[in-house]
>>> print(open('model.tsv').read())   # TSV, N, CA and C atoms
chain	number	residue	atom	x	y	z
F	1	MET	N	23.02	5.84	4.29
F	1	MET	CA	23.53	6.24	2.98
F	1	MET	C	22.47	7.12	2.30
F	2	PRO	N	22.87	8.28	1.87
F	2	PRO	CA	21.89	9.18	1.25
F	2	PRO	C	21.39	8.65	-0.10
F	3	ILE	N	20.21	9.09	-0.46
F	3	ILE	CA	19.63	8.74	-1.75
F	3	ILE	C	20.38	9.54	-2.82
F	4	THR	N	20.76	8.87	-3.91
F	4	THR	CA	21.57	9.55	-4.93
F	4	THR	C	20.88	9.68	-6.28
F	5	ASP	N	19.79	8.98	-6.49
F	5	ASP	CA	19.06	9.04	-7.77
F	5	ASP	C	18.45	10.43	-7.94
F	6	LYS	N	18.88	11.16	-8.95
F	6	LYS	CA	18.45	12.55	-9.15
F	6	LYS	C	16.95	12.69	-9.37
F	7	ASN	N	16.32	11.74	-10.06
F	7	ASN	CA	14.87	11.79	-10.28
F	7	ASN	C	14.11	11.63	-8.97
F	8	ILE	N	14.54	10.71	-8.14
F	8	ILE	CA	13.90	10.49	-6.84
F	8	ILE	C	14.11	11.70	-5.94
F	9	ILE	N	15.31	12.24	-5.94
F	9	ILE	CA	15.60	13.43	-5.13
F	9	ILE	C	14.69	14.58	-5.53
F	10	GLN	N	14.53	14.79	-6.83
F	10	GLN	CA	13.67	15.88	-7.32
F	10	GLN	C	12.21	15.65	-6.90
F	11	LYS	N	11.74	14.41	-7.01
F	11	LYS	CA	10.37	14.08	-6.61
F	11	LYS	C	10.18	14.31	-5.11
F	12	TYR	N	11.15	13.87	-4.31
F	12	TYR	CA	11.07	14.06	-2.86
F	12	TYR	C	11.12	15.54	-2.49
F	13	TYR	N	11.93	16.31	-3.19
F	13	TYR	CA	12.01	17.74	-2.89
F	13	TYR	C	10.67	18.42	-3.19
F	14	GLN	N	10.04	18.04	-4.30
F	14	GLN	CA	8.72	18.60	-4.62
F	14	GLN	C	7.69	18.19	-3.56
F	15	ALA	N	7.77	16.95	-3.08
F	15	ALA	CA	6.87	16.50	-2.01
F	15	ALA	C	7.11	17.29	-0.73
F	16	LEU	N	8.36	17.61	-0.45
F	16	LEU	CA	8.71	18.41	0.72
F	16	LEU	C	8.11	19.81	0.60
F	17	LEU	N	8.26	20.44	-0.56
F	17	LEU	CA	7.71	21.78	-0.78
F	17	LEU	C	6.19	21.79	-0.66
F	18	ALA	N	5.55	20.72	-1.13
F	18	ALA	CA	4.09	20.62	-1.09
F	18	ALA	C	3.57	20.10	0.25
F	19	LYS	N	4.49	19.73	1.15
F	19	LYS	CA	4.12	19.13	2.45
F	19	LYS	C	3.20	17.94	2.25
F	20	ASN	N	3.58	17.08	1.32
F	20	ASN	CA	2.75	15.94	0.91
F	20	ASN	C	2.75	14.85	1.99
F	21	PRO	N	1.60	14.60	2.64
F	21	PRO	CA	1.55	13.58	3.70
F	21	PRO	C	1.72	12.15	3.20
F	22	ALA	N	1.58	11.93	1.90
F	22	ALA	CA	1.76	10.58	1.35
F	22	ALA	C	3.21	10.11	1.48
F	23	TYR	N	4.14	11.03	1.72
F	23	TYR	CA	5.55	10.67	1.80
F	23	TYR	C	6.07	10.58	3.24
F	24	VAL	N	5.20	10.71	4.22
F	24	VAL	CA	5.63	10.57	5.61
F	24	VAL	C	6.14	9.15	5.80
F	25	GLY	N	7.35	9.02	6.29
F	25	GLY	CA	7.94	7.71	6.51
F	25	GLY	C	8.62	7.13	5.28
F	26	ILE	N	8.43	7.75	4.12
F	26	ILE	CA	9.07	7.28	2.88
F	26	ILE	C	10.48	7.86	2.77
F	27	PHE	N	10.62	9.13	3.12
F	27	PHE	CA	11.94	9.76	3.11
F	27	PHE	C	12.08	10.71	4.28
F	28	PHE	N	13.33	11.02	4.59
F	28	PHE	CA	13.68	12.01	5.59
F	28	PHE	C	14.69	12.93	4.95
F	29	VAL	N	14.53	14.22	5.17
F	29	VAL	CA	15.40	15.20	4.52
F	29	VAL	C	16.30	15.85	5.56
F	30	GLY	N	17.60	15.80	5.29
F	30	GLY	CA	18.56	16.48	6.13
F	30	GLY	C	18.87	17.83	5.51
F	31	VAL	N	18.97	18.84	6.36
F	31	VAL	CA	19.29	20.19	5.90
F	31	VAL	C	20.74	20.47	6.30
F	32	LYS	N	21.58	20.61	5.30
F	32	LYS	CA	23.02	20.76	5.53
F	32	LYS	C	23.37	21.98	6.37
F	33	THR	N	22.66	23.08	6.18
F	33	THR	CA	23.00	24.33	6.86
F	33	THR	C	22.63	24.34	8.35
F	34	THR	N	21.70	23.48	8.75
F	34	THR	CA	21.27	23.46	10.16
F	34	THR	C	21.57	22.14	10.86
F	35	SER	N	21.94	21.11	10.10
F	35	SER	CA	22.17	19.76	10.63
F	35	SER	C	20.93	19.18	11.29
F	36	ILE	N	19.76	19.53	10.73
F	36	ILE	CA	18.48	19.04	11.23
F	36	ILE	C	17.85	18.19	10.13
F	37	PHE	N	17.09	17.15	10.52
F	37	PHE	CA	16.34	16.39	9.52
F	37	PHE	C	14.86	16.40	9.84
F	38	CYS	N	14.04	16.34	8.78
F	38	CYS	CA	12.59	16.49	8.88
F	38	CYS	C	11.87	15.41	8.07
F	39	ILE	N	10.53	15.39	8.23
F	39	ILE	CA	9.67	14.56	7.41
F	39	ILE	C	9.02	15.44	6.34
F	40	SER	N	8.30	14.84	5.43
F	40	SER	CA	7.74	15.58	4.29
F	40	SER	C	6.73	16.65	4.66
F	41	THR	N	6.05	16.50	5.78
F	41	THR	CA	4.99	17.45	6.14
F	41	THR	C	5.45	18.54	7.10
F	42	CYS	N	6.73	18.67	7.32
F	42	CYS	CA	7.22	19.66	8.27
F	42	CYS	C	6.77	21.07	7.86
F	43	ARG	N	6.33	21.84	8.86
F	43	ARG	CA	5.85	23.19	8.56
F	43	ARG	C	6.94	24.25	8.70
F	44	ALA	N	8.15	23.82	9.01
F	44	ALA	CA	9.27	24.76	9.09
F	44	ALA	C	9.58	25.31	7.69
F	45	ARG	N	10.29	26.43	7.66
F	45	ARG	CA	10.68	27.03	6.39
F	45	ARG	C	11.46	26.02	5.55
F	46	LYS	N	11.18	25.97	4.29
F	46	LYS	CA	11.78	24.96	3.41
F	46	LYS	C	13.20	25.38	3.00
F	47	PRO	N	14.11	24.40	3.00
F	47	PRO	CA	15.49	24.69	2.62
F	47	PRO	C	15.65	24.81	1.10
F	48	LYS	N	16.73	25.43	0.69
F	48	LYS	CA	17.06	25.45	-0.73
F	48	LYS	C	17.41	24.03	-1.15
F	49	PHE	N	17.15	23.74	-2.41
F	49	PHE	CA	17.41	22.39	-2.94
F	49	PHE	C	18.85	21.95	-2.70
F	50	GLU	N	19.79	22.85	-2.93
F	50	GLU	CA	21.21	22.48	-2.81
F	50	GLU	C	21.63	22.21	-1.36
F	51	ASN	N	20.79	22.57	-0.40
F	51	ASN	CA	21.11	22.33	1.02
F	51	ASN	C	20.43	21.09	1.58
F	52	THR	N	19.86	20.26	0.72
F	52	THR	CA	19.14	19.08	1.20
F	52	THR	C	19.87	17.78	0.87
F	53	VAL	N	19.67	16.81	1.75
F	53	VAL	CA	20.15	15.44	1.55
F	53	VAL	C	18.99	14.54	1.97
F	54	PHE	N	18.64	13.55	1.14
F	54	PHE	CA	17.50	12.69	1.43
F	54	PHE	C	17.96	11.31	1.88
F	55	TYR	N	17.27	10.81	2.91
F	55	TYR	CA	17.56	9.50	3.49
F	55	TYR	C	16.29	8.66	3.52
F	56	GLN	N	16.47	7.34	3.59
F	56	GLN	CA	15.32	6.43	3.62
F	56	GLN	C	14.88	6.09	5.04
F	57	SER	N	15.71	6.39	6.03
F	57	SER	CA	15.33	6.04	7.40
F	57	SER	C	15.85	7.08	8.39
F	58	VAL	N	15.24	7.07	9.56
F	58	VAL	CA	15.67	7.94	10.65
F	58	VAL	C	17.10	7.59	11.04
F	59	LYS	N	17.37	6.30	11.09
F	59	LYS	CA	18.70	5.83	11.50
F	59	LYS	C	19.79	6.38	10.58
F	60	GLU	N	19.53	6.37	9.27
F	60	GLU	CA	20.52	6.90	8.31
F	60	GLU	C	20.78	8.38	8.56
F	61	ALA	N	19.72	9.15	8.80
F	61	ALA	CA	19.88	10.59	9.05
F	61	ALA	C	20.64	10.84	10.35
F	62	LEU	N	20.32	10.08	11.39
F	62	LEU	CA	21.02	10.22	12.66
F	62	LEU	C	22.49	9.85	12.53
F	63	ASN	N	22.76	8.75	11.80
F	63	ASN	CA	24.15	8.32	11.60
F	63	ASN	C	24.96	9.32	10.79
F	64	ALA	N	24.28	10.11	9.96
F	64	ALA	CA	24.96	11.12	9.15
F	64	ALA	C	25.20	12.40	9.96
F	65	GLY	N	24.76	12.43	11.20
F	65	GLY	CA	25.03	13.57	12.07
F	65	GLY	C	23.92	14.60	12.16
F	66	TYR	N	22.74	14.28	11.62
F	66	TYR	CA	21.62	15.21	11.71
F	66	TYR	C	20.84	14.95	12.99
F	67	ARG	N	20.24	16.01	13.54
F	67	ARG	CA	19.39	15.85	14.72
F	67	ARG	C	17.93	16.04	14.31
F	68	PRO	N	16.99	15.43	15.04
F	68	PRO	CA	15.57	15.55	14.67
F	68	PRO	C	15.06	16.98	14.82
F	69	CYS	N	14.19	17.36	13.92
F	69	CYS	CA	13.54	18.67	13.94
F	69	CYS	C	12.61	18.74	15.16
F	70	LYS	N	12.61	19.89	15.83
F	70	LYS	CA	11.74	20.06	16.99
F	70	LYS	C	10.31	20.41	16.58
F	71	ILE	N	10.12	20.77	15.32
F	71	ILE	CA	8.78	21.12	14.85
F	71	ILE	C	8.01	19.88	14.39
F	72	CYS	N	8.59	19.10	13.48
F	72	CYS	CA	7.86	17.93	12.95
F	72	CYS	C	8.13	16.64	13.71
F	73	ARG	N	9.17	16.62	14.52
F	73	ARG	CA	9.52	15.46	15.34
F	73	ARG	C	9.56	14.17	14.52
F	74	PRO	N	10.49	14.05	13.60
F	74	PRO	CA	10.53	12.89	12.70
F	74	PRO	C	10.73	11.54	13.40
F	75	THR	N	11.36	11.54	14.56
F	75	THR	CA	11.55	10.26	15.25
F	75	THR	C	10.24	9.75	15.85
F	76	GLU	N	9.30	10.64	16.12
F	76	GLU	CA	8.00	10.24	16.66
F	76	GLU	C	7.04	9.84	15.55
F	77	ASN	N	7.17	10.45	14.37
F	77	ASN	CA	6.25	10.22	13.27
F	77	ASN	C	6.80	9.27	12.21
F	78	ALA	N	7.94	8.68	12.47
F	78	ALA	CA	8.64	7.90	11.45
F	78	ALA	C	7.85	6.70	10.94
F	79	ASP	N	7.17	6.00	11.82
F	79	ASP	CA	6.48	4.79	11.39
F	79	ASP	C	4.97	5.00	11.22
F	80	GLU	N	4.56	6.23	11.23
F	80	GLU	CA	3.14	6.54	11.04
F	80	GLU	C	2.79	6.30	9.57
F	81	ALA	N	1.79	5.50	9.35
F	81	ALA	CA	1.39	5.18	7.98
F	81	ALA	C	0.64	6.35	7.35
F	82	PRO	N	0.97	6.69	6.11
F	82	PRO	CA	0.22	7.73	5.41
F	82	PRO	C	-1.23	7.29	5.19
F	83	GLU	N	-2.10	8.26	4.97
F	83	GLU	CA	-3.53	7.98	4.80
F	83	GLU	C	-3.80	6.98	3.68
F	84	GLN	N	-3.07	7.09	2.57
F	84	GLN	CA	-3.27	6.16	1.45
F	84	GLN	C	-2.95	4.73	1.87
F	85	ILE	N	-1.95	4.56	2.70
F	85	ILE	CA	-1.55	3.23	3.15
F	85	ILE	C	-2.64	2.65	4.07
F	86	ILE	N	-3.16	3.48	4.94
F	86	ILE	CA	-4.23	3.04	5.84
F	86	ILE	C	-5.44	2.58	5.03
F	87	LYS	N	-5.78	3.35	3.99
F	87	LYS	CA	-6.91	2.96	3.13
F	87	LYS	C	-6.64	1.64	2.42
F	88	ALA	N	-5.40	1.45	1.94
F	88	ALA	CA	-5.04	0.21	1.24
F	88	ALA	C	-5.10	-0.99	2.19
F	89	ILE	N	-4.60	-0.83	3.39
F	89	ILE	CA	-4.64	-1.91	4.39
F	89	ILE	C	-6.09	-2.27	4.72
F	90	LYS	N	-6.92	-1.26	4.84
F	90	LYS	CA	-8.34	-1.49	5.12
F	90	LYS	C	-9.00	-2.28	3.99
F	91	MET	N	-8.66	-1.91	2.73
F	91	MET	CA	-9.20	-2.64	1.57
F	91	MET	C	-8.78	-4.10	1.60
F	92	ILE	N	-7.52	-4.36	1.91
F	92	ILE	CA	-7.00	-5.73	1.94
F	92	ILE	C	-7.67	-6.53	3.05
F	93	SER	N	-7.80	-5.93	4.22
F	93	SER	CA	-8.39	-6.67	5.34
F	93	SER	C	-9.89	-6.91	5.17
F	94	GLN	N	-10.58	-5.99	4.49
F	94	GLN	CA	-12.01	-6.18	4.26
F	94	GLN	C	-12.30	-7.18	3.14
F	95	ASN	N	-11.35	-7.31	2.21
F	95	ASN	CA	-11.54	-8.21	1.05
F	95	ASN	C	-10.32	-9.11	0.89
F	96	PRO	N	-10.06	-9.99	1.84
F	96	PRO	CA	-8.83	-10.79	1.78
F	96	PRO	C	-8.77	-11.77	0.60
F	97	LYS	N	-9.90	-12.13	0.04
F	97	LYS	CA	-9.91	-13.10	-1.07
F	97	LYS	C	-9.81	-12.44	-2.44
F	98	ILE	N	-9.94	-11.12	-2.50
F	98	ILE	CA	-9.93	-10.41	-3.77
F	98	ILE	C	-8.53	-9.84	-4.04
F	99	LYS	N	-8.03	-10.05	-5.23
F	99	LYS	CA	-6.75	-9.48	-5.63
F	99	LYS	C	-6.96	-7.98	-5.89
F	100	ILE	N	-6.17	-7.19	-5.24
F	100	ILE	CA	-6.30	-5.73	-5.39
F	100	ILE	C	-5.22	-5.28	-6.36
F	101	SER	N	-5.64	-4.87	-7.54
F	101	SER	CA	-4.71	-4.46	-8.60
F	101	SER	C	-4.44	-2.96	-8.51
F	102	ASP	N	-3.47	-2.52	-9.31
F	102	ASP	CA	-3.13	-1.10	-9.38
F	102	ASP	C	-4.34	-0.27	-9.80
F	103	SER	N	-5.12	-0.78	-10.74
F	103	SER	CA	-6.28	-0.03	-11.21
F	103	SER	C	-7.34	0.13	-10.11
F	104	VAL	N	-7.51	-0.89	-9.28
F	104	VAL	CA	-8.46	-0.79	-8.17
F	104	VAL	C	-7.97	0.25	-7.16
F	105	LEU	N	-6.67	0.24	-6.88
F	105	LEU	CA	-6.12	1.24	-5.97
F	105	LEU	C	-6.33	2.64	-6.52
F	106	ARG	N	-6.08	2.82	-7.82
F	106	ARG	CA	-6.24	4.15	-8.43
F	106	ARG	C	-7.70	4.61	-8.39
F	107	GLU	N	-8.64	3.68	-8.55
F	107	GLU	CA	-10.06	4.02	-8.46
F	107	GLU	C	-10.41	4.59	-7.08
F	108	HIS	N	-9.68	4.16	-6.07
F	108	HIS	CA	-9.90	4.65	-4.70
F	108	HIS	C	-8.94	5.80	-4.35
F	109	HIS	N	-8.33	6.40	-5.38
F	109	HIS	CA	-7.40	7.53	-5.21
F	109	HIS	C	-6.21	7.17	-4.33
F	110	ILE	N	-5.69	5.97	-4.55
F	110	ILE	CA	-4.52	5.49	-3.82
F	110	ILE	C	-3.42	5.23	-4.85
F	111	SER	N	-2.25	5.76	-4.60
F	111	SER	CA	-1.12	5.57	-5.51
F	111	SER	C	-0.48	4.19	-5.27
F	112	PRO	N	-0.52	3.30	-6.27
F	112	PRO	CA	0.08	1.97	-6.09
F	112	PRO	C	1.59	2.05	-5.83
F	113	GLU	N	2.24	3.05	-6.41
F	113	GLU	CA	3.69	3.20	-6.22
F	113	GLU	C	4.01	3.52	-4.76
F	114	ILE	N	3.24	4.41	-4.16
F	114	ILE	CA	3.47	4.76	-2.76
F	114	ILE	C	3.18	3.57	-1.86
F	115	VAL	N	2.12	2.82	-2.17
F	115	VAL	CA	1.77	1.64	-1.37
F	115	VAL	C	2.90	0.62	-1.44
F	116	ARG	N	3.37	0.33	-2.64
F	116	ARG	CA	4.46	-0.65	-2.79
F	116	ARG	C	5.72	-0.19	-2.05
F	117	ARG	N	6.08	1.08	-2.21
F	117	ARG	CA	7.29	1.61	-1.57
F	117	ARG	C	7.18	1.52	-0.05
F	118	TRP	N	6.03	1.85	0.49
F	118	TRP	CA	5.85	1.83	1.94
F	118	TRP	C	5.87	0.40	2.46
F	119	PHE	N	5.15	-0.50	1.81
F	119	PHE	CA	5.13	-1.90	2.25
F	119	PHE	C	6.53	-2.51	2.16
F	120	LYS	N	7.25	-2.20	1.13
F	120	LYS	CA	8.59	-2.75	0.97
F	120	LYS	C	9.50	-2.24	2.08
F	121	LYS	N	9.37	-0.96	2.39
F	121	LYS	CA	10.22	-0.38	3.42
F	121	LYS	C	9.89	-0.94	4.80
F	122	ILE	N	8.62	-1.01	5.13
F	122	ILE	CA	8.21	-1.42	6.47
F	122	ILE	C	8.31	-2.93	6.67
F	123	THR	N	7.91	-3.70	5.68
F	123	THR	CA	7.85	-5.15	5.88
F	123	THR	C	8.92	-5.93	5.13
F	124	ALA	N	9.69	-5.25	4.31
F	124	ALA	CA	10.68	-5.89	3.44
F	124	ALA	C	10.00	-6.86	2.47
F	125	LEU	N	8.71	-6.67	2.25
F	125	LEU	CA	7.94	-7.46	1.28
F	125	LEU	C	7.24	-6.52	0.33
F	126	LEU	N	6.88	-7.03	-0.79
F	126	LEU	CA	6.05	-6.25	-1.71
F	126	LEU	C	4.59	-6.50	-1.38
F	127	ILE	N	3.71	-5.67	-1.86
F	127	ILE	CA	2.28	-5.79	-1.57
F	127	ILE	C	1.70	-7.10	-2.12
F	128	ARG	N	2.19	-7.56	-3.28
F	128	ARG	CA	1.63	-8.78	-3.89
F	128	ARG	C	1.78	-9.98	-2.95
F	129	PRO	N	2.97	-10.26	-2.36
F	129	PRO	CA	3.05	-11.39	-1.43
F	129	PRO	C	2.15	-11.22	-0.21
F	130	ILE	N	1.94	-9.99	0.25
F	130	ILE	CA	1.04	-9.76	1.38
F	130	ILE	C	-0.38	-10.10	0.98
F	131	ASN	N	-0.78	-9.70	-0.21
F	131	ASN	CA	-2.11	-10.00	-0.72
F	131	ASN	C	-2.30	-11.51	-0.85
F	132	VAL	N	-1.29	-12.21	-1.33
F	132	VAL	CA	-1.36	-13.66	-1.48
F	132	VAL	C	-1.45	-14.32	-0.12
F	133	CYS	N	-0.70	-13.81	0.87
F	133	CYS	CA	-0.76	-14.38	2.22
F	133	CYS	C	-2.15	-14.23	2.82
F	134	THR	N	-2.80	-13.10	2.60
F	134	THR	CA	-4.13	-12.91	3.17
F	134	THR	C	-5.18	-13.76	2.47
F	135	GLU	N	-4.91	-14.14	1.21
F	135	GLU	CA	-5.87	-14.98	0.48
F	135	GLU	C	-5.94	-16.38	1.10
F	136	SER	N	-4.83	-16.85	1.65
F	136	SER	CA	-4.78	-18.20	2.19
F	136	SER	C	-5.35	-18.29	3.60
F	137	ILE	N	-5.68	-17.17	4.19
F	137	ILE	CA	-6.22	-17.16	5.56
F	137	ILE	C	-7.68	-17.51	5.55
>>> encode(input="model.tsv", output="structure tokens")
Amino acid sequence: MPITDKNIIQKYYQALLAKNPAYVGIFFVGVKTTSIFCISTCRARKPKFENTVFYQSVKEALNAGYRPCKICRPTENADEAPEQIIKAIKMISQNPKIKISDSVLREHHISPEIVRRWFKKITALLIRPINVCTESI
């Protein structure tokens, strides 16, 4: 099912234009005119806004009839964690007893919103329960 929230669509389109690696695995963009879908960092020519459809998973894009881009290979890069996520995971594993707040993440130039969105998508959990689970280890 395509993403329908206009604010999210606009944010994702801007991330696509900027080739923002923080959004790899967060969204997939289908291009109506070519029936191809890509990830945020694709180096192919960018589609017009009106020719895009955004999805949350590879499966959704495939089910909608789009094929993977041969340039960015979204099916190969789909579960690759963005750099910010890798940094956040490293922080959690190095300091399992310390609660990592949004302000601490921002101090390390990590977007808490992106971290939460990625963790929720990949694990179906929010970051807070993961942090609590690591505290008990």
>>> closest_atom_pairs(input="model.tsv", of="range 21-41 of chain F", to="range 52-73 of chain F", cutoff="5 Å", atoms="all atoms listed in the file", output="Markdown table")
| residue | atom | partner | partner_atom | distance |
| --- | --- | --- | --- | --- |
| F:Phe27 | CA | F:Tyr55 | C | 4.5 |
| F:Phe28 | C | F:Tyr55 | N | 3.9 |
| F:Val29 | CA | F:Val53 | C | 4.5 |
| F:Gly30 | N | F:Val53 | C | 3.8 |
| F:Val31 | CA | F:Thr52 | CA | 4.8 |
| F:Lys32 | N | F:Thr52 | N | 4.9 |
| F:Ser35 | C | F:Arg67 | N | 3.9 |
| F:Ile36 | CA | F:Arg67 | N | 4.2 |
| F:Phe37 | N | F:Arg67 | C | 4.0 |
>>> select_by_dssp(input="model.tsv", residues="chain F", states="strand (DSSP E)", output="list in words")
Phe28, Val29, Gly30, Val31, Ile36, Phe37, Cys38, Thr52, Val53, Phe54, Tyr55, Arg67 and Pro68 of chain F
>>> select_by_dssp(input="model.tsv", residues="range 2-137 of chain F", states="helix (DSSP H, G or I)", output="number ranges by chain")
F: 6-18, 21-23, 49-51, 58-63, 74-77, 83-94, 102-107, 112-123, 127-135
>>> closest_residue(input="model.tsv", among="F:Asn20, F:Ala88, F:Asn51, F:Lys46", to="Thr33 in chain F", atoms="all atoms listed in the file")
F:Asn51
>>> closest_residue(input="model.tsv", among="F:Val24, F:Ile92, F:Leu105, F:Leu17", to="Pro47 in chain F", atoms="only C-alpha atoms")
F:Leu17
>>> atom_distance(input="model.tsv", atom1="CA of Gln94 in chain F", atom2="CA of Pro21 in chain F")
24.0 Å
>>> decode(input="model.tsv", residues="range 16-37 of chain F", atoms="N, CA, C and O atoms", output="CSV table (one decimal), in the first residue's frame")
chain,number,residue,atom,x,y,z
F,16,LEU,N,15.0,12.0,-1.6
F,16,LEU,CA,15.3,11.4,-2.9
F,16,LEU,C,16.2,12.3,-3.7
F,16,LEU,O,17.2,11.9,-4.3
F,17,LEU,N,15.7,13.6,-3.8
F,17,LEU,CA,16.5,14.6,-4.6
F,17,LEU,C,17.9,14.8,-4.0
F,17,LEU,O,18.8,15.0,-4.8
F,18,ALA,N,18.0,14.8,-2.7
F,18,ALA,CA,19.3,15.0,-2.1
F,18,ALA,C,20.1,13.7,-2.0
F,18,ALA,O,21.3,13.8,-1.5
F,19,LYS,N,19.6,12.6,-2.4
F,19,LYS,CA,20.3,11.3,-2.3
F,19,LYS,C,20.7,11.0,-0.9
F,19,LYS,O,21.8,10.6,-0.6
F,20,ASN,N,19.8,11.3,0.1
F,20,ASN,CA,20.1,11.2,1.5
F,20,ASN,C,20.2,9.7,1.9
F,20,ASN,O,19.2,9.0,2.0
F,21,PRO,N,21.4,9.3,2.3
F,21,PRO,CA,21.6,7.9,2.8
F,21,PRO,C,20.9,7.5,4.1
F,21,PRO,O,20.7,6.4,4.4
F,22,ALA,N,20.5,8.5,4.8
F,22,ALA,CA,19.8,8.2,6.1
F,22,ALA,C,18.4,7.6,5.8
F,22,ALA,O,17.8,7.0,6.7
F,23,TYR,N,17.9,7.7,4.6
F,23,TYR,CA,16.6,7.1,4.3
F,23,TYR,C,16.7,5.8,3.5
F,23,TYR,O,15.6,5.2,3.1
F,24,VAL,N,17.9,5.2,3.4
F,24,VAL,CA,18.0,3.9,2.8
F,24,VAL,C,17.2,2.9,3.6
F,24,VAL,O,17.5,2.8,4.8
F,25,GLY,N,16.3,2.1,3.0
F,25,GLY,CA,15.6,1.2,3.8
F,25,GLY,C,14.3,1.7,4.5
F,25,GLY,O,13.5,1.0,5.0
F,26,ILE,N,14.2,3.1,4.5
F,26,ILE,CA,13.0,3.7,5.1
F,26,ILE,C,11.9,3.8,4.1
F,26,ILE,O,10.7,3.6,4.5
F,27,PHE,N,12.2,4.1,2.9
F,27,PHE,CA,11.2,4.2,1.9
F,27,PHE,C,11.8,3.7,0.5
F,27,PHE,O,13.0,3.6,0.3
F,28,PHE,N,10.9,3.3,-0.4
F,28,PHE,CA,11.2,2.9,-1.7
F,28,PHE,C,10.3,3.7,-2.6
F,28,PHE,O,9.1,3.9,-2.3
F,29,VAL,N,10.8,4.3,-3.7
F,29,VAL,CA,10.1,5.1,-4.6
F,29,VAL,C,9.8,4.4,-5.9
F,29,VAL,O,10.8,4.0,-6.5
F,30,GLY,N,8.6,4.3,-6.3
F,30,GLY,CA,8.2,3.8,-7.6
F,30,GLY,C,8.0,5.0,-8.6
F,30,GLY,O,7.5,6.0,-8.2
F,31,VAL,N,8.5,4.8,-9.8
F,31,VAL,CA,8.4,5.8,-10.8
F,31,VAL,C,7.4,5.3,-11.8
F,31,VAL,O,7.5,4.3,-12.5
F,32,LYS,N,6.2,6.0,-11.8
F,32,LYS,CA,5.1,5.6,-12.7
F,32,LYS,C,5.4,5.5,-14.1
F,32,LYS,O,4.9,4.6,-14.8
F,33,THR,N,6.3,6.3,-14.7
F,33,THR,CA,6.5,6.4,-16.1
F,33,THR,C,7.4,5.2,-16.6
F,33,THR,O,7.4,4.9,-17.7
F,34,THR,N,8.2,4.6,-15.6
F,34,THR,CA,9.1,3.5,-16.0
F,34,THR,C,8.8,2.2,-15.4
F,34,THR,O,9.4,1.2,-15.7
F,35,SER,N,7.9,2.2,-14.4
F,35,SER,CA,7.6,1.0,-13.6
F,35,SER,C,8.8,0.4,-12.9
F,35,SER,O,8.9,-0.8,-12.7
F,36,ILE,N,9.7,1.3,-12.4
F,36,ILE,CA,10.9,0.9,-11.7
F,36,ILE,C,10.8,1.5,-10.3
F,36,ILE,O,10.3,2.6,-10.1
F,37,PHE,N,11.4,0.8,-9.3
F,37,PHE,CA,11.5,1.4,-8.0
F,37,PHE,C,12.9,1.5,-7.5
F,37,PHE,O,13.7,0.7,-7.9
